[in-house]
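The structure under discussion appears below in the form of structure tokens.
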Amino acid sequence: MRRTRVDIRIGLCFLVVGFGAAGLLGAVQPAAGVPAEVVQLTQFGPALGVAVAALVWPRRVRSLLAGGDRPRRPGRGVGRAGGLLLVTAPLVVAASACAYAVLGGDAGPVRPEAPFALIAAAQLVGACGEEIGWRCLLQPLLRGRFGTLTASVLVGAAWGVWHVQVFARHPVYAGSFLLAAVAMSVVMGWALEGAGASRLLLAGGFHALVNLGMLLLMDEEDGAILPMALFGLSCLAAAVVWSASAPGRRSGPPASTPAAVSVPGAATLPVITHDVR
């Protein structure tokens with residue numbers, strides 16, 4: 001099969017703008033008075049990256065947001081995979097929290113300071129602000145060239161490195177976070193394969209459920225290594241299960257079509273920013 005080329009301009013535009021916007025939004029948050037427990041403004045950096053790319057390449061970005069050139073999965077298949085994806089999020093968090101409690105850790109529940117309904121709504125909006133860039137733009141952009149699994153790993157690595165503050169923590173903490181980011185990206189990559197435009201709410205829902213579960217049950221935000229390590233291992237286990245059971249996991253990238261071919265160049269992922277929440 002011939003592989004589609006990656007339009008490196010779209011990827012670089014998204015990453016550069018997303019990185020810069022996230023940094024500015026993070027600096028603005030204290031002055032804006034928005035509690036980080038409710039939502040972190042840096043989450044909207046990727047959305048701004050998509051918006052700028054859409055202004056420059058409207059047709060191509062619109063195609064990517066609709067799922068790219070991958071054939072759509074039938075409605076029942078999308079619903080089943082989406083349901084399993086949303087179930088995977090609490091299972092991963094519950095496995096992490098149970099293991100943490102067994103090992104003597106302080107596993108929740110924790111009562112947040114802000115109203116939970118407000119936090120849940122804000123977390124979903126913030127998660128969608130991230131996922132419209134990672135899973136709705138970058139994933140289909142790379143998928144046509146590298147295939148689902150490799151594209152998911154690359155997007156997950158970029159997503160993990162984008163959370164630059166984790167590198168101020170202990171190396172094991174940072175490594176566990178990167179493992180979790182890549183593993184979650186693999187889970188979402190398989191679950192959203194062929195999902196089309198519905199991928200935004202599914203990815204955002206998965207992301208928000210993970211964030212809420214970690215907020216309520218774990219204390220990894222304080223820099224504790226053990227809960228983050230257990231979370232990373234739980235995510236890895238979920239990624240292994242999804243990869244082993246995903247239909248068409250052995251299939252490579254789809255054959256290129258005229259609409260899929262773009263400016264020659266291999267995808268390059270510069271370092272980009274934020275925390276799971």
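Please note that chains go A, B, ... in the order of the structure tokens, that every chain numbers its residues from 1, and that ligands are numbered from 1 in the order shown.
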Non-local contacts of A:Val17 (8 Å; only C-alpha atoms; under 3 positions in same chain excluded) as an NGL selection string
:A and (13-14 or 20-21 or 45-46 or 48-49 or 52)
Choose the residue, out of A:Val182, A:Ala197, A:Val241, A:Ala94, that has the smallest atom-to-atom separation from A:Arg62; count only C-alpha atoms.
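Of all the options, A:Ala197 lies closest to A:Arg62.
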Of A:Gly11, A:Pro109, A:Gly104, A:Pro140, the one sitting nearest A:Trp190 when using only C-alpha atoms is A:Pro140
Taking only C-alpha atoms into account, which of A:Arg111, A:Arg59, A:Arg9, A:Arg135 comes nearest A:Leu192?
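Ranking A:Arg111, A:Arg59, A:Arg9, A:Arg135 by distance to A:Leu192, first place goes to A:Arg135.
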Record the distance separating atom CA of A:Leu236 and atom CA of A:Met184, expressed in Å with one decimal.
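If I compute the distance from atom CA of A:Leu236 to atom CA of A:Met184, I get 7.7 Å.
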One decimal, in Å: what's the spacing between atom CA of A:Leu217 and atom CA of A:Val161?
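Between these atoms lies a distance of 24.4 Å.
Summary of the local environment: counting only C-alpha atoms, residues at most 12 Å from A:Gly23, other than itself and those fewer than 4 positions away along its chain, are A:Val16, A:Val17, A:Gly18, A:Phe19, A:Ala27, A:Val28, A:Gln29, A:Gln40, A:Leu41, A:Thr42, A:Gln43, A:Phe44, A:Gly45, A:Pro46, A:Leu48, A:Trp162, A:His163, A:Val164, A:Gln165, A:Ile272, A:Thr273, A:His274.
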Please produce an output containing N, CA, C and O atoms for each residue in the selection, written as an mmCIF file, in the first residue's frame.
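The resulting file, part23.cif, is shown below:
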```cif
data_model
loop_
_atom_site.group_PDB
_atom_site.id
_atom_site.type_symbol
_atom_site.label_atom_id
_atom_site.label_comp_id
_atom_site.auth_asym_id
_atom_site.auth_seq_id
_atom_site.Cartn_x
_atom_site.Cartn_y
_atom_site.Cartn_z
ATOM 1 N N VAL A 16 3.342 24.697 17.068
ATOM 2 C CA VAL A 16 3.943 25.974 17.475
ATOM 3 C C VAL A 16 2.903 26.884 18.122
ATOM 4 O O VAL A 16 3.126 27.451 19.197
ATOM 5 N N VAL A 17 1.743 27.015 17.464
ATOM 6 C CA VAL A 17 0.702 27.883 18.024
ATOM 7 C C VAL A 17 0.158 27.290 19.322
ATOM 8 O O VAL A 17 -0.061 28.006 20.304
ATOM 9 N N GLY A 18 -0.060 25.967 19.329
ATOM 10 C CA GLY A 18 -0.571 25.332 20.540
ATOM 11 C C GLY A 18 0.362 25.496 21.715
ATOM 12 O O GLY A 18 -0.067 25.749 22.852
ATOM 13 N N PHE A 19 1.661 25.355 21.474
ATOM 14 C CA PHE A 19 2.662 25.530 22.526
ATOM 15 C C PHE A 19 2.654 26.958 23.046
ATOM 16 O O PHE A 19 2.590 27.205 24.253
ATOM 17 N N ALA A 27 0.116 31.628 31.900
ATOM 18 C CA ALA A 27 0.558 32.839 32.589
ATOM 19 C C ALA A 27 -0.616 33.721 32.990
ATOM 20 O O ALA A 27 -0.573 34.418 34.009
ATOM 21 N N VAL A 28 -1.690 33.663 32.190
ATOM 22 C CA VAL A 28 -2.864 34.508 32.434
ATOM 23 C C VAL A 28 -3.743 33.935 33.548
ATOM 24 O O VAL A 28 -4.442 34.678 34.235
ATOM 25 N N GLN A 29 -3.722 32.630 33.752
ATOM 26 C CA GLN A 29 -4.669 31.987 34.671
ATOM 27 C C GLN A 29 -4.687 32.589 36.072
ATOM 28 O O GLN A 29 -5.771 32.852 36.602
ATOM 29 N N GLN A 40 -7.875 24.167 33.679
ATOM 30 C CA GLN A 40 -6.617 24.848 33.425
ATOM 31 C C GLN A 40 -6.668 25.445 32.022
ATOM 32 O O GLN A 40 -6.912 24.732 31.043
ATOM 33 N N LEU A 41 -6.454 26.738 31.947
ATOM 34 C CA LEU A 41 -6.614 27.449 30.674
ATOM 35 C C LEU A 41 -5.648 26.955 29.607
ATOM 36 O O LEU A 41 -5.932 27.083 28.414
ATOM 37 N N THR A 42 -4.536 26.383 30.017
ATOM 38 C CA THR A 42 -3.584 25.861 29.031
ATOM 39 C C THR A 42 -4.218 24.803 28.131
ATOM 40 O O THR A 42 -3.747 24.562 27.025
ATOM 41 N N GLN A 43 -5.294 24.165 28.604
ATOM 42 C CA GLN A 43 -5.959 23.136 27.817
ATOM 43 C C GLN A 43 -6.518 23.669 26.497
ATOM 44 O O GLN A 43 -6.783 22.893 25.583
ATOM 45 N N PHE A 44 -6.704 24.975 26.413
ATOM 46 C CA PHE A 44 -7.271 25.541 25.197
ATOM 47 C C PHE A 44 -6.205 25.950 24.185
ATOM 48 O O PHE A 44 -6.531 26.427 23.102
ATOM 49 N N GLY A 45 -4.928 25.738 24.539
ATOM 50 C CA GLY A 45 -3.851 26.008 23.591
ATOM 51 C C GLY A 45 -3.976 25.208 22.306
ATOM 52 O O GLY A 45 -3.884 25.756 21.202
ATOM 53 N N PRO A 46 -4.214 23.865 22.386
ATOM 54 C CA PRO A 46 -4.378 23.085 21.156
ATOM 55 C C PRO A 46 -5.545 23.555 20.302
ATOM 56 O O PRO A 46 -5.458 23.546 19.066
ATOM 57 N N LEU A 48 -6.614 26.578 19.962
ATOM 58 C CA LEU A 48 -6.162 27.767 19.233
ATOM 59 C C LEU A 48 -5.223 27.377 18.103
ATOM 60 O O LEU A 48 -5.234 27.991 17.024
ATOM 61 N N TRP A 162 4.306 17.871 25.871
ATOM 62 C CA TRP A 162 3.610 19.167 25.951
ATOM 63 C C TRP A 162 3.319 19.556 27.401
ATOM 64 O O TRP A 162 3.226 20.731 27.730
ATOM 65 N N HIS A 163 3.190 18.572 28.285
ATOM 66 C CA HIS A 163 2.995 18.838 29.706
ATOM 67 C C HIS A 163 4.362 19.107 30.343
ATOM 68 O O HIS A 163 4.863 18.322 31.155
ATOM 69 N N VAL A 164 4.986 20.204 29.967
ATOM 70 C CA VAL A 164 6.390 20.434 30.317
ATOM 71 C C VAL A 164 6.642 20.477 31.821
ATOM 72 O O VAL A 164 7.735 20.176 32.278
ATOM 73 N N GLN A 165 5.630 20.838 32.614
ATOM 74 C CA GLN A 165 5.865 20.970 34.050
ATOM 75 C C GLN A 165 6.188 19.650 34.722
ATOM 76 O O GLN A 165 6.775 19.638 35.811
ATOM 77 N N ILE A 272 6.449 20.045 22.527
ATOM 78 C CA ILE A 272 5.402 20.952 22.968
ATOM 79 C C ILE A 272 4.837 20.676 24.329
ATOM 80 O O ILE A 272 5.416 20.065 25.081
ATOM 81 N N THR A 273 3.151 21.421 25.372
ATOM 82 C CA THR A 273 2.967 21.733 26.806
ATOM 83 C C THR A 273 1.849 21.179 27.666
ATOM 84 O O THR A 273 1.050 21.378 27.621
ATOM 85 N N HIS A 274 1.381 20.618 28.921
ATOM 86 C CA HIS A 274 0.420 20.682 30.027
ATOM 87 C C HIS A 274 0.221 19.384 30.817
ATOM 88 O O HIS A 274 0.783 18.386 30.522
#
```
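Atom CA of A:Leu149 sits 27.5 Å away from atom CA of A:Ala97.
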